[in-house]
file work11.cif (mmCIF, C-alpha atoms)
data_target
loop_
_atom_site.label_atom_id
_atom_site.label_comp_id
_atom_site.auth_asym_id
_atom_site.auth_seq_id
_atom_site.Cartn_x
_atom_site.Cartn_y
_atom_site.Cartn_z
CA MET A 219 -26.44 9.34 -37.27
CA HIS A 220 -28.70 6.40 -36.47
CA VAL A 221 -27.92 4.86 -33.08
CA SER A 222 -28.19 1.35 -34.59
CA HIS A 223 -24.80 1.90 -36.30
CA PHE A 224 -23.21 1.50 -32.85
CA ASP A 225 -24.85 -1.78 -31.90
CA PHE A 226 -23.06 -5.11 -31.54
CA ASP A 227 -23.71 -8.46 -29.88
CA LEU A 228 -21.96 -9.04 -26.58
CA PRO A 229 -22.21 -12.38 -24.77
CA HIS A 230 -23.25 -11.84 -21.16
CA GLU A 231 -20.32 -13.89 -19.87
CA ARG A 232 -17.87 -11.28 -21.23
CA ILE A 233 -19.06 -8.71 -18.65
CA ALA A 234 -16.54 -8.64 -15.80
CA GLN A 235 -18.04 -8.85 -12.31
CA ALA A 236 -14.78 -8.24 -10.42
CA PRO A 237 -11.40 -6.78 -11.34
CA ILE A 238 -8.26 -8.75 -12.07
CA GLU A 239 -5.71 -8.66 -9.26
CA PRO A 240 -3.23 -7.09 -9.41
CA ARG A 241 -4.86 -4.37 -11.47
CA ASP A 242 -2.08 -4.08 -14.02
CA ALA A 243 -2.44 -7.79 -14.88
CA ALA A 244 -5.38 -6.87 -17.14
CA ARG A 245 -5.10 -7.37 -20.88
CA LEU A 246 -4.53 -4.48 -23.29
CA LEU A 247 -5.74 -4.52 -26.89
CA HIS A 248 -3.61 -2.15 -28.99
CA VAL A 249 -5.82 -0.85 -31.80
CA GLY A 250 -4.23 0.90 -34.76
CA THR A 251 -4.03 -0.05 -38.41
CA THR A 252 -3.42 -3.53 -36.97
CA ILE A 253 -4.57 -5.15 -33.72
CA ALA A 254 -2.17 -6.54 -31.10
CA ASP A 255 -2.94 -8.54 -27.95
CA LEU A 256 -0.84 -7.12 -25.12
CA GLY A 257 -1.08 -6.52 -21.38
CA VAL A 258 -1.50 -3.32 -19.39
CA ARG A 259 2.07 -3.83 -18.15
CA ASP A 260 3.21 -3.29 -21.77
CA LEU A 261 1.91 0.29 -21.70
CA PRO A 262 5.28 1.92 -20.80
CA SER A 263 6.90 0.38 -23.89
CA LEU A 264 4.22 1.98 -26.09
CA LEU A 265 4.98 5.46 -24.77
CA GLN A 266 8.01 7.59 -25.59
CA PHE A 267 10.30 9.93 -23.68
CA GLY A 268 8.65 13.36 -23.61
CA ASP A 269 5.08 12.05 -23.88
CA ALA A 270 2.35 12.84 -21.35
CA LEU A 271 -0.25 10.58 -19.79
CA VAL A 272 -3.37 12.43 -18.61
CA VAL A 273 -5.37 10.87 -15.77
CA ASN A 274 -8.53 11.85 -13.91
CA ASP A 275 -8.04 12.39 -10.16
CA THR A 276 -11.71 12.43 -9.19
CA LYS A 277 -12.73 10.32 -6.20
CA VAL A 278 -15.92 8.26 -6.22
CA LEU A 279 -18.36 8.95 -3.42
CA PRO A 280 -20.25 6.04 -1.81
CA CYS A 281 -23.41 7.81 -2.92
CA ARG A 282 -25.93 4.96 -3.06
CA LEU A 283 -28.20 4.99 -0.01
CA THR A 284 -31.17 2.97 1.22
CA GLY A 285 -33.64 4.65 3.53
CA LYS A 286 -37.26 4.70 4.58
CA ARG A 287 -40.10 7.13 4.07
CA ARG A 288 -42.54 5.98 6.73
CA GLU A 289 -42.56 2.22 6.06
CA ALA A 290 -41.63 2.37 2.36
CA LYS A 291 -38.07 1.42 1.37
CA ILE A 292 -36.42 4.01 -0.88
CA ASP A 293 -33.18 3.57 -2.83
CA ILE A 294 -31.31 6.75 -3.63
CA THR A 295 -28.37 7.43 -5.95
CA LEU A 296 -26.93 10.92 -5.64
CA HIS A 297 -25.62 12.33 -8.90
CA LYS A 298 -25.11 16.11 -8.78
CA PRO A 299 -24.62 18.53 -5.86
CA PHE A 300 -26.24 21.95 -5.55
CA ASP A 301 -24.21 22.85 -2.47
CA GLY A 302 -22.76 21.20 0.62
CA ALA A 303 -26.11 19.81 1.79
CA SER A 304 -28.31 19.54 -1.33
CA TRP A 305 -28.11 17.06 -4.20
CA LEU A 306 -29.99 15.86 -7.23
CA ALA A 307 -30.65 12.13 -7.00
CA PHE A 308 -32.40 9.26 -8.70
CA ALA A 309 -34.96 7.62 -6.42
CA ARG A 310 -36.58 4.19 -6.59
CA PRO A 311 -39.54 4.03 -6.35
CA ALA A 312 -39.91 7.78 -6.89
CA ARG A 313 -43.70 7.49 -7.12
CA LYS A 314 -43.82 6.93 -3.34
CA LEU A 315 -42.19 10.29 -2.66
CA LYS A 316 -43.79 13.70 -2.34
CA THR A 317 -42.26 17.13 -1.84
CA GLU A 318 -41.40 17.71 1.82
CA ASP A 319 -41.21 13.97 2.55
CA VAL A 320 -38.32 12.99 4.83
CA ILE A 321 -36.22 9.90 4.03
CA ILE A 322 -34.43 8.40 7.03
CA PHE A 323 -31.17 6.58 6.28
CA ALA A 324 -29.91 6.06 9.85
CA ASP A 325 -30.36 7.55 13.30
CA GLY A 326 -29.52 11.22 12.89
CA PHE A 327 -29.03 10.98 9.10
CA GLU A 328 -31.92 11.98 6.85
CA ALA A 329 -32.89 14.06 3.81
CA ARG A 330 -35.93 16.12 2.85
CA VAL A 331 -37.39 15.99 -0.68
CA THR A 332 -37.43 19.57 -1.94
CA GLU A 333 -38.44 18.90 -5.55
CA LYS A 334 -39.69 16.09 -7.79
CA ARG A 335 -38.60 15.99 -11.43
CA ASN A 336 -39.12 13.64 -14.37
CA ALA A 337 -37.75 10.09 -14.76
CA GLY A 338 -37.39 9.38 -11.05
CA GLU A 339 -35.20 12.38 -10.30
CA VAL A 340 -35.59 14.28 -7.02
CA ALA A 341 -33.83 17.11 -5.21
CA LEU A 342 -32.78 16.36 -1.63
CA THR A 343 -31.52 18.49 1.25
CA PHE A 344 -29.68 16.56 3.96
CA ASN A 345 -29.45 17.36 7.65
CA HIS A 346 -25.66 17.18 7.27
CA ASN A 347 -23.47 19.62 5.38
CA GLY A 348 -20.02 19.60 3.80
CA LEU A 349 -17.54 17.27 5.47
CA ASP A 350 -20.22 16.01 7.86
CA LEU A 351 -22.23 14.78 4.87
CA MET A 352 -19.13 13.14 3.37
CA HIS A 353 -18.53 11.30 6.66
CA ALA A 354 -22.17 10.15 6.72
CA LEU A 355 -21.88 8.84 3.15
CA ASP A 356 -18.70 6.97 4.11
CA ALA A 357 -20.55 5.39 7.02
CA TYR A 358 -23.86 4.51 5.38
CA GLY A 359 -23.40 4.73 1.61
CA ARG A 360 -22.46 2.08 -0.93
CA MET A 361 -20.36 2.44 -4.06
CA PRO A 362 -22.45 3.33 -7.12
CA LEU A 363 -21.57 0.30 -9.22
CA PRO A 364 -23.12 0.23 -12.69
CA PRO A 365 -26.18 -2.01 -13.09
CA TYR A 366 -24.34 -4.66 -15.10
CA ILE A 367 -22.16 -5.49 -12.07
CA LYS A 368 -24.44 -7.68 -10.00
CA ARG A 369 -24.38 -7.37 -6.22
CA ASP A 370 -26.69 -8.20 -3.32
CA THR A 371 -28.40 -5.25 -1.66
CA GLY A 372 -25.54 -4.67 0.76
CA GLY A 373 -22.84 -4.82 -1.91
CA LEU A 374 -19.28 -5.97 -1.23
CA ASP A 375 -16.88 -4.16 1.11
CA ALA A 376 -14.12 -4.86 -1.42
CA ASP A 377 -15.82 -2.61 -3.99
CA LYS A 378 -14.95 0.47 -1.91
CA GLY A 379 -11.33 -0.15 -2.89
CA HIS A 380 -11.81 -1.87 -6.23
CA TYR A 381 -14.01 0.92 -7.66
CA GLN A 382 -11.50 3.66 -6.87
CA THR A 383 -8.45 4.56 -8.96
CA LEU A 384 -4.89 5.00 -7.75
CA PHE A 385 -5.22 8.72 -8.58
CA ALA A 386 -8.43 9.36 -6.59
CA ALA A 387 -7.94 12.58 -4.62
CA LYS A 388 -10.87 14.97 -5.16
CA PRO A 389 -14.28 13.68 -3.98
CA GLY A 390 -17.20 14.30 -6.30
CA ALA A 391 -17.72 11.44 -8.77
CA VAL A 392 -20.70 9.11 -8.69
CA ALA A 393 -19.08 6.69 -11.15
CA ALA A 394 -15.44 5.69 -11.56
CA PRO A 395 -13.21 6.81 -14.44
CA THR A 396 -12.65 3.14 -15.11
CA ALA A 397 -9.65 3.31 -17.45
CA GLY A 398 -7.70 4.51 -14.42
CA LEU A 399 -8.54 1.36 -12.46
CA HIS A 400 -5.70 -0.54 -14.21
CA PHE A 401 -2.85 1.49 -12.70
CA THR A 402 -0.64 0.34 -9.83
CA PRO A 403 2.36 1.97 -8.12
CA ASP A 404 4.71 -0.38 -10.00
CA LEU A 405 3.17 0.54 -13.35
CA MET A 406 3.40 4.25 -12.55
CA GLU A 407 7.07 3.86 -11.62
CA ALA A 408 7.76 2.18 -14.98
CA ILE A 409 5.89 4.92 -16.86
CA LYS A 410 7.80 7.71 -15.14
CA ALA A 411 11.10 5.88 -15.66
CA ARG A 412 10.29 5.99 -19.37
CA GLY A 413 10.39 9.80 -19.20
CA VAL A 414 6.63 10.22 -19.48
CA GLN A 415 4.90 12.97 -17.51
CA VAL A 416 1.73 12.04 -15.63
CA ILE A 417 -0.65 15.00 -15.47
CA CYS A 418 -3.95 15.15 -13.59
CA VAL A 419 -7.23 16.70 -14.65
CA THR A 420 -10.52 16.43 -12.77
CA LEU A 421 -13.89 15.44 -14.14
CA HIS A 422 -16.50 14.38 -11.60
CA VAL A 423 -18.24 11.56 -13.46
CA GLY A 424 -22.03 11.77 -13.25
CA ALA A 425 -24.64 9.04 -13.09
CA GLY A 426 -25.73 10.04 -16.58
CA THR A 427 -22.85 7.93 -17.89
CA PHE A 428 -25.09 4.88 -17.26
CA ILE A 429 -28.25 6.35 -18.80
CA PRO A 430 -28.98 4.58 -22.10
CA ILE A 431 -29.62 6.54 -25.27
CA LYS A 432 -33.38 6.51 -25.82
CA VAL A 433 -33.52 8.24 -29.21
CA ASN A 434 -32.94 6.80 -32.68
CA ASP A 435 -30.66 9.57 -33.96
CA THR A 436 -27.57 10.87 -32.17
CA ASP A 437 -28.57 14.44 -33.09
CA ASP A 438 -31.54 14.11 -30.74
CA HIS A 439 -29.59 12.93 -27.68
CA VAL A 440 -29.05 15.41 -24.83
CA MET A 441 -25.71 14.74 -23.15
CA HIS A 442 -25.50 14.97 -19.35
CA SER A 443 -23.20 17.69 -18.01
CA GLU A 444 -20.31 17.04 -15.65
CA ARG A 445 -17.96 19.30 -13.69
CA ALA A 446 -14.44 19.43 -15.09
CA THR A 447 -11.22 21.25 -14.25
CA LEU A 448 -7.93 21.71 -16.09
CA SER A 449 -5.51 23.82 -14.06
CA ALA A 450 -3.29 26.51 -15.55
CA ASP A 451 -0.18 24.49 -14.63
CA ALA A 452 -1.54 21.33 -16.28
CA ALA A 453 -2.54 23.24 -19.45
CA ALA A 454 0.92 24.82 -19.70
CA ALA A 455 2.67 21.48 -19.18
CA LEU A 456 0.59 19.76 -21.88
CA ASN A 457 1.09 22.61 -24.35
CA ALA A 458 4.86 22.28 -23.76
CA VAL A 459 4.69 18.52 -24.44
CA ARG A 460 3.01 19.12 -27.78
CA ALA A 461 5.41 21.98 -28.66
CA ASP A 462 8.38 19.66 -28.03
CA GLY A 463 6.96 16.92 -30.27
CA GLY A 464 5.60 14.67 -27.52
CA LYS A 465 2.26 12.88 -27.66
CA ILE A 466 -0.62 13.17 -25.23
CA THR A 467 -2.43 10.00 -24.17
CA ALA A 468 -5.76 10.47 -22.41
CA VAL A 469 -6.58 7.77 -19.86
CA GLY A 470 -10.30 7.37 -20.30
CA SER A 471 -13.13 9.29 -21.88
CA THR A 472 -13.33 11.66 -18.92
CA ALA A 473 -9.73 12.88 -19.32
CA LEU A 474 -10.30 13.13 -23.06
CA ARG A 475 -13.51 15.16 -22.74
CA THR A 476 -11.87 17.50 -20.23
CA LEU A 477 -8.99 18.24 -22.61
CA GLU A 478 -11.23 18.63 -25.65
CA SER A 479 -13.49 20.99 -23.68
CA ALA A 480 -10.46 23.11 -22.79
CA ALA A 481 -8.83 23.18 -26.25
CA SER A 482 -9.05 25.95 -28.80
CA GLU A 483 -9.52 25.08 -32.47
CA ASP A 484 -5.74 25.10 -33.01
CA GLY A 485 -5.23 22.59 -30.16
CA ILE A 486 -3.87 25.02 -27.57
CA LEU A 487 -5.11 24.15 -24.08
CA LYS A 488 -6.37 26.85 -21.76
CA PRO A 489 -7.33 26.57 -18.08
CA PHE A 490 -10.89 25.31 -17.73
CA SER A 491 -13.29 25.03 -14.82
CA GLY A 492 -16.99 24.46 -15.30
CA ASP A 493 -19.60 22.10 -16.67
CA THR A 494 -19.05 20.23 -19.91
CA ASP A 495 -21.68 18.38 -21.91
CA LEU A 496 -19.42 17.61 -24.87
CA PHE A 497 -20.96 14.76 -26.89
CA ILE A 498 -18.44 13.26 -29.32
CA THR A 499 -19.65 11.24 -32.29
CA PRO A 500 -17.99 10.25 -35.60
CA GLY A 501 -17.15 13.33 -37.61
CA TYR A 502 -15.70 15.17 -34.61
CA ARG A 503 -12.19 16.58 -35.15
CA PHE A 504 -10.03 15.98 -32.07
CA LYS A 505 -7.76 18.85 -31.09
CA ALA A 506 -5.97 17.98 -27.86
CA ILE A 507 -5.00 14.29 -27.75
CA ASP A 508 -2.93 11.80 -29.76
CA ARG A 509 -3.90 8.47 -28.16
CA MET A 510 -6.54 7.14 -25.83
CA MET A 511 -6.52 4.36 -23.25
CA THR A 512 -9.98 3.13 -22.35
CA ASN A 513 -12.03 0.10 -21.32
CA PHE A 514 -14.48 -1.80 -23.54
CA HIS A 515 -17.86 -0.10 -23.69
CA MET A 516 -21.53 -0.94 -24.00
CA PRO A 517 -23.29 -1.19 -27.37
CA LYS A 518 -25.14 1.96 -28.49
CA SER A 519 -23.52 3.98 -25.68
CA THR A 520 -22.09 7.49 -25.87
CA LEU A 521 -18.73 5.96 -24.91
CA PHE A 522 -18.68 3.56 -27.86
CA MET A 523 -19.63 6.50 -30.09
CA LEU A 524 -16.67 8.45 -28.72
CA VAL A 525 -14.11 5.71 -29.38
CA SER A 526 -15.62 5.19 -32.86
CA ALA A 527 -15.13 8.90 -33.51
CA PHE A 528 -11.47 8.64 -32.49
CA SER A 529 -10.45 5.41 -34.23
CA GLY A 530 -13.21 4.88 -36.81
CA LEU A 531 -16.39 2.84 -36.47
CA ASP A 532 -15.28 0.03 -38.79
CA ARG A 533 -11.96 -0.29 -36.95
CA MET A 534 -13.64 -0.34 -33.54
CA LYS A 535 -16.22 -2.92 -34.56
CA SER A 536 -13.42 -5.14 -35.87
CA ALA A 537 -11.47 -4.64 -32.65
CA TYR A 538 -14.50 -5.52 -30.52
CA ASP A 539 -15.21 -8.61 -32.63
CA HIS A 540 -11.61 -9.68 -32.00
CA ALA A 541 -11.88 -8.93 -28.28
CA ILE A 542 -15.08 -10.96 -27.90
CA ALA A 543 -13.59 -13.92 -29.78
CA ALA A 544 -10.39 -13.68 -27.70
CA LYS A 545 -12.43 -13.56 -24.47
CA TYR A 546 -11.44 -10.13 -23.26
CA ARG A 547 -13.32 -8.90 -20.20
CA PHE A 548 -15.71 -6.01 -20.84
CA PHE A 549 -16.92 -2.85 -19.05
CA SER A 550 -15.89 -1.23 -15.75
CA TYR A 551 -14.00 -4.13 -14.17
CA GLY A 552 -12.76 -5.47 -17.50
CA ASP A 553 -9.70 -5.19 -19.73
CA ALA A 554 -8.39 -2.15 -21.62
CA CYS A 555 -7.63 -0.82 -25.10
CA LEU A 556 -4.97 1.58 -26.30
CA LEU A 557 -6.42 3.37 -29.30
CA GLU A 558 -4.48 5.08 -32.07
CA PRO A 559 -6.24 7.82 -34.04
CA ASN A 560 -7.79 7.24 -37.45
CA ARG A 561 -7.72 10.80 -38.77
CA THR A 562 -9.24 9.79 -42.09
CA THR A 563 -12.55 9.45 -40.23
CA TRP A 564 -12.39 12.91 -38.67
CA GLY A 565 -14.61 14.60 -41.24
CA ASN A 566 -18.14 15.53 -42.11
CA THR A 567 -19.19 13.32 -45.03
CA PRO A 568 -21.46 10.33 -44.33
CA GLU A 569 -18.66 7.95 -45.34
CA GLN A 570 -16.25 9.54 -42.88
CA ARG A 571 -18.81 9.63 -40.08
CA LEU A 572 -19.36 5.90 -40.48
CA GLY A 573 -15.63 5.24 -40.25
CA LYS A 574 -14.95 4.01 -43.78
CA ARG A 575 -11.46 4.37 -45.18
CA ILE A 576 -10.95 7.18 -47.65
CA ASP A 577 -7.92 8.86 -49.12
CA PRO A 578 -6.62 11.56 -46.75
#

call {"tool": "encode", "arguments": {"input": "work11.cif", "output": "structure tokens"}}
result
Amino acid sequence: MHVSHFDFDLPHERIAQAPIEPRDAARLLHVGTTIADLGVRDLPSLLQFGDALVVNDTKVLPCRLTGKRREAKIDITLHKPFDGASWLAFARPARKLKTEDVIIFADGFEARVTEKRNAGEVALTFNHNGLDLMHALDAYGRMPLPPYIKRDTGGLDADKGHYQTLFAAKPGAVAAPTAGLHFTPDLMEAIKARGVQVICVTLHVGAGTFIPIKVNDTDDHVMHSERATLSADAAAALNAVRADGGKITAVGSTALRTLESAASEDGILKPFSGDTDLFITPGYRFKAIDRMMTNFHMPKSTLFMLVSAFSGLDRMKSAYDHAIAAKYRFFSYGDACLLEPNRTTWGNTPEQRLGKRIDP
């Protein structure tokens, strides 16, 4: 499919630069056969007894560092670990780095360049390992905010809390699973009081989530891989929800991609632990979820392609037009959508892939 199908005009002022406080005061656009303007606090009323809400419990690392190689300033964003001391990273300016160069971030905290790759990517080995490296990142690193959230070089201390979900427990992400940013203890209490199970999966979001698609056809795009885990207990609990007639709502694309990576063709979930590079575009047949809660996404992004696959491209473009006109806040710190499936678009014909209504 041509990437231009997923383009739309977004006024710059619709891009949120800070979250709403409290988090559950954000707006919620309910997108089904009709569109309804609601709030995130309305979510419990849209769920039923016996349903399950699936959230991502990854924790974002403060993985953006500024150091020096001799006198040259180098900005580093870690994005994938090899082991406890070695990471792949994006460097700026990478042209000033050579293999075996040492980048100094602070007294006693440095990394050696072990490999240079394409597009500004380098492999680094730190002089700290495991928990010691995590402590050093906490001390000297900044949160890896996406480029559309504008900050001075030092960033804001508040972002260390704002860019972390209520569920964050397992360190490893270099970007937040932003649909989870809307949840508060009060909202979780209301959801559980409704008789809805909250089940955790883990997908460590990679920096590739911010990399724009540089090809004209989706068939030519190579999706970044990310580490994901669905435990045996979580798989069994979700299979039981479906068997009892409950619905599964994925909170965010990361929870959705984890479940779809773990599902067999008949929708049965099995334990999963490994890398996933699942790239979902219109025509994909979803197996494991019934609804999706997500934020508003960038034009021509893999995330907008995913939501268009789930709810139909025409429906999503109409919903986004409505959201822009109604002044919803977009992207990581913005408002949310609750998406209902449009199964008539889950097919293989060109008309279905483009999200047009057909007879089921």

call {"tool": "closest_atom_pairs", "arguments": {"input": "work11.cif", "of": "region 366-474 of chain A", "to": "region 488-501 of chain A", "cutoff": "9 Å", "atoms": "only C-alpha atoms", "output": "tab-separated table"}}
result
residue	atom	partner	partner_atom	distance
A:Thr436	CA	A:Thr499	CA	7.9
A:His439	CA	A:Phe497	CA	8.9
A:Val440	CA	A:Phe497	CA	8.4
A:Met441	CA	A:Asp495	CA	5.6
A:His442	CA	A:Asp495	CA	5.7
A:Ser443	CA	A:Asp495	CA	4.2
A:Glu444	CA	A:Asp493	CA	5.2
A:Arg445	CA	A:Asp493	CA	4.4
A:Ala446	CA	A:Gly492	CA	5.6
A:Thr447	CA	A:Ser491	CA	4.3
A:Leu448	CA	A:Phe490	CA	4.9
A:Ser449	CA	A:Pro489	CA	5.2
A:Ala450	CA	A:Pro489	CA	4.8
A:Asp451	CA	A:Pro489	CA	8.2
A:Ala452	CA	A:Pro489	CA	8.0
A:Ala453	CA	A:Lys488	CA	5.7
A:Ala454	CA	A:Lys488	CA	7.8
A:Asn457	CA	A:Lys488	CA	9.0

call {"tool": "residues_around", "arguments": {"input": "work11.cif", "residues": "Ala254 (chain A)", "least_positions_apart": "6", "cutoff": "12 Å", "atoms": "all atoms listed in the file", "output": "tab-separated table (two decimals) with C-alpha atoms, in the frame of the given file"}}
result
chain	number	residue	atom	x	y	z
A	245	ARG	CA	-5.10	-7.37	-20.88
A	246	LEU	CA	-4.53	-4.48	-23.29
A	247	LEU	CA	-5.74	-4.52	-26.89
A	248	HIS	CA	-3.61	-2.15	-28.99
A	260	ASP	CA	3.21	-3.29	-21.77
A	264	LEU	CA	4.22	1.98	-26.09
A	537	ALA	CA	-11.47	-4.64	-32.65
A	540	HIS	CA	-11.61	-9.68	-32.00
A	541	ALA	CA	-11.88	-8.93	-28.28
A	544	ALA	CA	-10.39	-13.68	-27.70
A	555	CYS	CA	-7.63	-0.82	-25.10
A	556	LEU	CA	-4.97	1.58	-26.30
A	557	LEU	CA	-6.42	3.37	-29.30
A	558	GLU	CA	-4.48	5.08	-32.07

call {"tool": "resolve_selection", "arguments": {"input": "work11.cif", "expression": "the PyMOL selection byres ((chain A and resi 345) around 9)", "output": "count of residues only"}}
result
11

call {"tool": "resolve_selection", "arguments": {"input": "work11.cif", "expression": "the PyMOL selection byres ((chain A and resi 527) around 12)", "output": "short mmCIF file (atom, residue, chain, number, x, y, z; two decimals) with C-alpha atoms, in the coordinates of the input"}}
result
data_model
loop_
_atom_site.label_atom_id
_atom_site.label_comp_id
_atom_site.auth_asym_id
_atom_site.auth_seq_id
_atom_site.Cartn_x
_atom_site.Cartn_y
_atom_site.Cartn_z
CA MET A 219 -26.44 9.34 -37.27
CA PHE A 224 -23.21 1.50 -32.85
CA SER A 471 -13.13 9.29 -21.88
CA PHE A 497 -20.96 14.76 -26.89
CA ILE A 498 -18.44 13.26 -29.32
CA THR A 499 -19.65 11.24 -32.29
CA PRO A 500 -17.99 10.25 -35.60
CA GLY A 501 -17.15 13.33 -37.61
CA TYR A 502 -15.70 15.17 -34.61
CA ARG A 503 -12.19 16.58 -35.15
CA PHE A 504 -10.03 15.98 -32.07
CA MET A 510 -6.54 7.14 -25.83
CA THR A 520 -22.09 7.49 -25.87
CA LEU A 521 -18.73 5.96 -24.91
CA PHE A 522 -18.68 3.56 -27.86
CA MET A 523 -19.63 6.50 -30.09
CA LEU A 524 -16.67 8.45 -28.72
CA VAL A 525 -14.11 5.71 -29.38
CA SER A 526 -15.62 5.19 -32.86
CA PHE A 528 -11.47 8.64 -32.49
CA SER A 529 -10.45 5.41 -34.23
CA GLY A 530 -13.21 4.88 -36.81
CA LEU A 531 -16.39 2.84 -36.47
CA ASP A 532 -15.28 0.03 -38.79
CA ARG A 533 -11.96 -0.29 -36.95
CA MET A 534 -13.64 -0.34 -33.54
CA LYS A 535 -16.22 -2.92 -34.56
CA LEU A 557 -6.42 3.37 -29.30
CA GLU A 558 -4.48 5.08 -32.07
CA PRO A 559 -6.24 7.82 -34.04
CA ASN A 560 -7.79 7.24 -37.45
CA ARG A 561 -7.72 10.80 -38.77
CA THR A 562 -9.24 9.79 -42.09
CA THR A 563 -12.55 9.45 -40.23
CA TRP A 564 -12.39 12.91 -38.67
CA GLY A 565 -14.61 14.60 -41.24
CA ASN A 566 -18.14 15.53 -42.11
CA GLN A 570 -16.25 9.54 -42.88
CA ARG A 571 -18.81 9.63 -40.08
CA LEU A 572 -19.36 5.90 -40.48
CA GLY A 573 -15.63 5.24 -40.25
CA LYS A 574 -14.95 4.01 -43.78
#

call {"tool": "resolve_selection", "arguments": {"input": "work11.cif", "expression": "the PyMOL selection byres ((chain A and resi 518) around 8)", "output": "list in words"}}
result
Val221, Ser222, His223, Phe224, Asp225, Phe226, Pro430, Ile431, Met516, Pro517, Ser519, Thr520, Phe522 and Met523 of chain A

call {"tool": "atom_distance", "arguments": {"input": "work11.cif", "atom1": "CA of Phe267 (chain A)", "atom2": "CA of Asp462 (chain A)"}}
result
10.8 Å

call {"tool": "residues_around", "arguments": {"input": "work11.cif", "residues": "Glu333 (chain A)", "least_positions_apart": "3", "cutoff": "9 Å", "atoms": "only C-alpha atoms", "output": "PDB file with C-alpha atoms, keeping the file's coordinate frame"}}
result
ATOM      1  CA  LYS A 316     -43.790  13.700  -2.340  1.00  0.00           C
ATOM      2  CA  THR A 317     -42.260  17.130  -1.840  1.00  0.00           C
ATOM      3  CA  GLU A 318     -41.400  17.710   1.820  1.00  0.00           C
ATOM      4  CA  GLU A 339     -35.200  12.380 -10.300  1.00  0.00           C
ATOM      5  CA  VAL A 340     -35.590  14.280  -7.020  1.00  0.00           C
ATOM      6  CA  ALA A 341     -33.830  17.110  -5.210  1.00  0.00           C
ATOM      7  CA  LEU A 342     -32.780  16.360  -1.630  1.00  0.00           C
TER       8      LEU A 342
END

call {"tool": "decode", "arguments": {"input": "work11.cif", "residues": "region 252-256 of chain A", "atoms": "all heavy atoms", "output": "mmCIF file, in the first residue's frame"}}
result
data_model
loop_
_atom_site.group_PDB
_atom_site.id
_atom_site.type_symbol
_atom_site.label_atom_id
_atom_site.label_comp_id
_atom_site.auth_asym_id
_atom_site.auth_seq_id
_atom_site.Cartn_x
_atom_site.Cartn_y
_atom_site.Cartn_z
ATOM 1 N N THR A 252 -20.165 5.097 15.215
ATOM 2 C CA THR A 252 -20.341 6.529 15.462
ATOM 3 C C THR A 252 -19.167 7.012 16.311
ATOM 4 O O THR A 252 -18.378 6.208 16.815
ATOM 5 C CB THR A 252 -21.666 6.825 16.184
ATOM 6 O OG1 THR A 252 -21.664 6.138 17.445
ATOM 7 C CG2 THR A 252 -22.855 6.369 15.343
ATOM 8 N N ILE A 253 -19.069 8.314 16.479
ATOM 9 C CA ILE A 253 -17.989 8.919 17.251
ATOM 10 C C ILE A 253 -18.596 9.650 18.445
ATOM 11 O O ILE A 253 -19.582 10.383 18.298
ATOM 12 C CB ILE A 253 -17.176 9.900 16.381
ATOM 13 C CG1 ILE A 253 -16.449 9.137 15.267
ATOM 14 C CG2 ILE A 253 -16.174 10.683 17.220
ATOM 15 C CD1 ILE A 253 -15.770 10.039 14.263
ATOM 16 N N ALA A 254 -18.003 9.449 19.634
ATOM 17 C CA ALA A 254 -18.513 10.101 20.841
ATOM 18 C C ALA A 254 -17.368 10.767 21.587
ATOM 19 O O ALA A 254 -16.297 10.170 21.763
ATOM 20 C CB ALA A 254 -19.207 9.085 21.746
ATOM 21 N N ASP A 255 -17.590 12.000 22.027
ATOM 22 C CA ASP A 255 -16.611 12.744 22.811
ATOM 23 C C ASP A 255 -16.818 12.434 24.296
ATOM 24 O O ASP A 255 -17.828 12.822 24.881
ATOM 25 C CB ASP A 255 -16.765 14.247 22.570
ATOM 26 C CG ASP A 255 -16.475 14.637 21.132
ATOM 27 O OD1 ASP A 255 -15.349 14.378 20.678
ATOM 28 O OD2 ASP A 255 -17.374 15.199 20.471
ATOM 29 N N LEU A 256 -15.847 11.755 24.882
ATOM 30 C CA LEU A 256 -15.934 11.358 26.283
ATOM 31 C C LEU A 256 -14.649 11.773 26.997
ATOM 32 O O LEU A 256 -13.827 12.495 26.444
ATOM 33 C CB LEU A 256 -16.145 9.839 26.385
ATOM 34 C CG LEU A 256 -17.363 9.255 25.652
ATOM 35 C CD1 LEU A 256 -17.320 7.736 25.695
ATOM 36 C CD2 LEU A 256 -18.655 9.787 26.268
#
